[in-house]
Amino acid sequence: MKNIISDKAGKRRAYWVDEIRKLSGNFSNDSDRLEKELEAEIKKSGIAALIDHLRLCGNIPESYGHDTSEEKLYSKYTDALLSLSYKALGLKSLVLKERADAADVEAFAKDYSLVADAKSFRLSRTAKNQKDFKVQAMGGWKRGKPYAMVVCPIYQLPNTSSQIYQQATTYNVCVFTYSHLALLLAFSEVESKAKAQQLLKTIFQTVPAINPSKNANDYWLAVNKAMLTFSKKIENLWGIEKQAATESINIAKEEALTFLAQEREKIMRMSHQEALKELIKVHKIESKIKTIKAISDNGLFSII
């Protein structure tokens with residue numbers, strides 16, 4: 001079976017991981033420059049390039065240090081992708097500059113508006129709780145808008161039970177994935193932007209109608225059904241994105257494991273004194289490798 005995610009998409013990912021590392025320094029100036037460069041690339045290469053980004057942006061590169069300027073700028077990168085996605089669907093959208101107690105993105109359709117947040121995680125991160133997703137907080141950050149959305153990497157979302165689903169249905173916040181968003185963009189291409197906007201609104205209206213519970217199956221059954229029953233054209237796109245979601249996991253794992261293998265080799269080639277200083281890091285690398293290898297498809301696209 002031919003791969004959905006092309007080598008070109010992988011090279012685009014590698015370019016931006018490196019570009020963010022080069023750009024990071026002055027956060028305010030760098031984030032503006034990043035947004036403009038990203039927007040220019042999408043304008044030149046089209047929706048397909050934006051879909052490439054969405055499929056691979058969910059994992060923070062292991063090569064970025066914790067709480068570094070690269071990691072902060074990567075967060076701005078995913079916010080910019082989210083805003084560009086809404087624009088590609090025909091909405092007006094902007095990335096907000098304020099960082100505390102507010103959503104990162106706003107978007108406006110003709111008959112509705114929303115706030116949104118983009119989430120990304122390291123594959124090696126083990127303990128994620130509901131606070132990491134900020135679902136409840138998003139419910140309070142609508143600022144008068146009817147809808148809110150938190151967009152996450154599909155393979156990092158709980159597939160059995162979690163408070164985030166109860167919070168989503170209670171506070172009317174749509175928990176969504178980059179994979180589902182990529183599907184929406186593909187649908188806008190084969191159908192129309194107007195129809196894609198209608199589908200987005202249908203998804204928003206579905207969430208508060210779900211009976212509040214921690215059950216992941218109940219939540220995703222409702223969201224997935226709302227999308228699949230909206231148009232017959234969704235079914236083919238669904239199969240494509242389902243395969244792409246699986247491929248994205250393998251690509252993310254390979255990227256992370258390759259970096260950690262290089263780090264381990266670097267440590268092993270150190271002098272005795274250098275190695276002693278880095279000894280504790282070796283243990284962290286082995287732990288990260290174990291966590292990354294355990295990542296797998298959680299089947300959220302199969303809940304239909």
# chains A, B, ... in the order shown; residues from 1 in each chain; ligands from 1

$ select_by_dssp --residues "region 98-168 of chain A" --states "helix (DSSP H, G or I)" --output "mmCIF file with C-alpha atoms, in the first residue's frame"
data_model
loop_
_atom_site.group_PDB
_atom_site.id
_atom_site.type_symbol
_atom_site.label_atom_id
_atom_site.label_comp_id
_atom_site.auth_asym_id
_atom_site.auth_seq_id
_atom_site.Cartn_x
_atom_site.Cartn_y
_atom_site.Cartn_z
ATOM 1 C CA GLN A 130 -6.442 16.737 32.210
ATOM 2 C CA LYS A 131 -4.683 20.005 33.102
ATOM 3 C CA ASP A 132 -2.269 19.497 30.197
ATOM 4 C CA PHE A 133 -5.175 19.778 27.755
ATOM 5 C CA VAL A 135 -10.244 21.841 28.407
ATOM 6 C CA GLN A 136 -11.948 23.316 31.457
ATOM 7 C CA ALA A 137 -9.890 26.501 31.165
ATOM 8 C CA MET A 138 -10.922 26.869 27.522
ATOM 9 C CA GLY A 139 -14.544 26.795 28.623
ATOM 10 C CA GLY A 140 -13.864 29.995 30.554
ATOM 11 C CA ILE A 154 -4.549 11.852 17.973
ATOM 12 C CA TYR A 155 -2.140 9.303 19.450
ATOM 13 C CA GLN A 156 -1.743 11.291 22.687
ATOM 14 C CA GLN A 163 -11.838 13.641 32.702
ATOM 15 C CA ILE A 164 -11.107 15.662 29.567
ATOM 16 C CA TYR A 165 -14.164 14.148 27.859
ATOM 17 C CA GLN A 166 -16.391 14.922 30.809
ATOM 18 C CA GLN A 167 -15.030 18.462 30.863
ATOM 19 C CA ALA A 168 -15.507 18.796 27.096
#

$ closest_residue --among "A:His66, A:Ala116, A:Ala182, A:Glu106" --to "His53 (chain A)" --atoms "only C-alpha atoms"
A:Ala182

$ closest_residue --among "A:Ala252, A:Leu183, A:Ala48, A:Leu157" --to "Lys293 (chain A)" --atoms "only C-alpha atoms"
A:Ala252

$ atom_distance --atom1 "CA of Ile292 (chain A)" --atom2 "CA of Ala256 (chain A)"
7.6 Å

$ residues_around --residues "Val95 (chain A)" --least-positions-apart "6" --cutoff "8 Å" --atoms "only C-alpha atoms" --output "ChimeraX atom specification"
/A:79-80,83,104-106

$ closest_residue --among "A:Thr169, A:Ser113, A:Ser179, A:Ser296" --to "Ile249 (chain A)" --atoms "only C-alpha atoms"
A:Ser296

$ closest_residue --among "A:Asn59, A:Thr229, A:Asn236, A:Ser31" --to "Glu254 (chain A)" --atoms "only C-alpha atoms"
A:Asn59

$ closest_residue --among "A:Cys57, A:Leu200, A:Leu221, A:Ile4" --to "Asp111 (chain A)" --atoms "only C-alpha atoms"
A:Leu200

$ atom_distance --atom1 "CA of Ala40 (chain A)" --atom2 "CA of Tyr15 (chain A)"
14.7 Å

$ residues_around --residues "Val17 (chain A)" --least-positions-apart "6" --cutoff "12 Å" --atoms "only C-alpha atoms" --output "PyMOL selection string"
chain A and resi 10-11+23-24+34+53+56-57+59-64+70-71+73-75+77-78+255

$ closest_residue --among "A:Asn159, A:Thr258, A:Gln205, A:Asn3" --to "Trp220 (chain A)" --atoms "only C-alpha atoms"
A:Asn159

$ residues_around --residues "region 186-193 of chain A" --least-positions-apart "6" --cutoff "7 Å" --atoms "only C-alpha atoms" --output "list in words"
Leu89, Gly90 and Ile234 of chain A

$ atom_distance --atom1 "CA of Leu181 (chain A)" --atom2 "CA of Tyr112 (chain A)"
17.7 Å

$ residues_around --residues "Phe176 (chain A)" --least-positions-apart "4" --cutoff "9 Å" --atoms "only C-alpha atoms" --output "number ranges by chain"
A: 149-154, 180-181, 223

$ write_last_selection --atoms "C-alpha atoms" --output "compact mmCIF listing (two decimals), in the first residue's frame"
# COMPACT_ATOMS: atom_id res chain seq x y z
CA MET A 149 -11.76 23.88 20.44
CA VAL A 150 -8.64 22.14 21.75
CA VAL A 151 -6.69 20.43 18.96
CA CYS A 152 -4.34 17.57 19.97
CA PRO A 153 -2.21 14.84 18.37
CA ILE A 154 -4.55 11.85 17.97
CA HIS A 180 -9.63 15.32 12.04
CA LEU A 181 -8.67 18.90 11.15
CA VAL A 223 -17.92 13.30 16.86

$ residues_around --residues "Met227 (chain A)" --least-positions-apart "2" --cutoff "10 Å" --atoms "only C-alpha atoms" --output "list in words"
His180, Leu183, Leu184, Leu199, Leu200, Thr202, Ile203, Thr206, Ala222, Val223, Asn224, Lys225, Thr229, Phe230, Ser231, Lys232, Ile234, Glu235, Trp238 and Ile304 of chain A

$ select_by_dssp --residues "region 29-117 of chain A" --states "strand (DSSP E)" --output "PyMOL selection string"
chain A and resi 92-95+105-108+113-117

$ write_last_selection --atoms "N, CA and C atoms" --output "compact mmCIF listing (two decimals), in the first residue's frame"
# COMPACT_ATOMS: atom_id res chain seq x y z
N LYS A 92 -12.16 33.87 9.10
CA LYS A 92 -11.15 34.85 9.44
C LYS A 92 -10.53 34.40 10.76
N SER A 93 -9.22 34.51 10.90
CA SER A 93 -8.58 33.99 12.11
C SER A 93 -7.31 34.76 12.44
N LEU A 94 -6.96 34.78 13.71
CA LEU A 94 -5.71 35.41 14.14
C LEU A 94 -5.15 34.68 15.35
N VAL A 95 -3.83 34.75 15.49
CA VAL A 95 -3.15 34.22 16.67
C VAL A 95 -3.02 35.36 17.65
N VAL A 105 -5.88 31.26 19.84
CA VAL A 105 -6.38 31.52 18.49
C VAL A 105 -7.85 31.91 18.55
N GLU A 106 -8.25 32.86 17.71
CA GLU A 106 -9.65 33.19 17.51
C GLU A 106 -9.99 33.01 16.03
N ALA A 107 -11.24 32.61 15.76
CA ALA A 107 -11.67 32.45 14.37
C ALA A 107 -13.13 32.87 14.24
N PHE A 108 -13.46 33.37 13.05
CA PHE A 108 -14.80 33.93 12.84
C PHE A 108 -15.36 33.46 11.50
N SER A 113 -18.50 32.02 15.83
CA SER A 113 -17.10 32.34 16.12
C SER A 113 -16.59 31.37 17.18
N LEU A 114 -15.28 31.32 17.35
CA LEU A 114 -14.70 30.36 18.29
C LEU A 114 -13.34 30.80 18.78
N VAL A 115 -12.92 30.20 19.88
CA VAL A 115 -11.54 30.31 20.35
C VAL A 115 -10.93 28.91 20.27
N ALA A 116 -9.62 28.84 20.15
CA ALA A 116 -8.99 27.53 20.00
C ALA A 116 -7.58 27.52 20.57
N ASP A 117 -7.13 26.33 20.89
CA ASP A 117 -5.78 26.10 21.40
C ASP A 117 -5.19 24.89 20.70
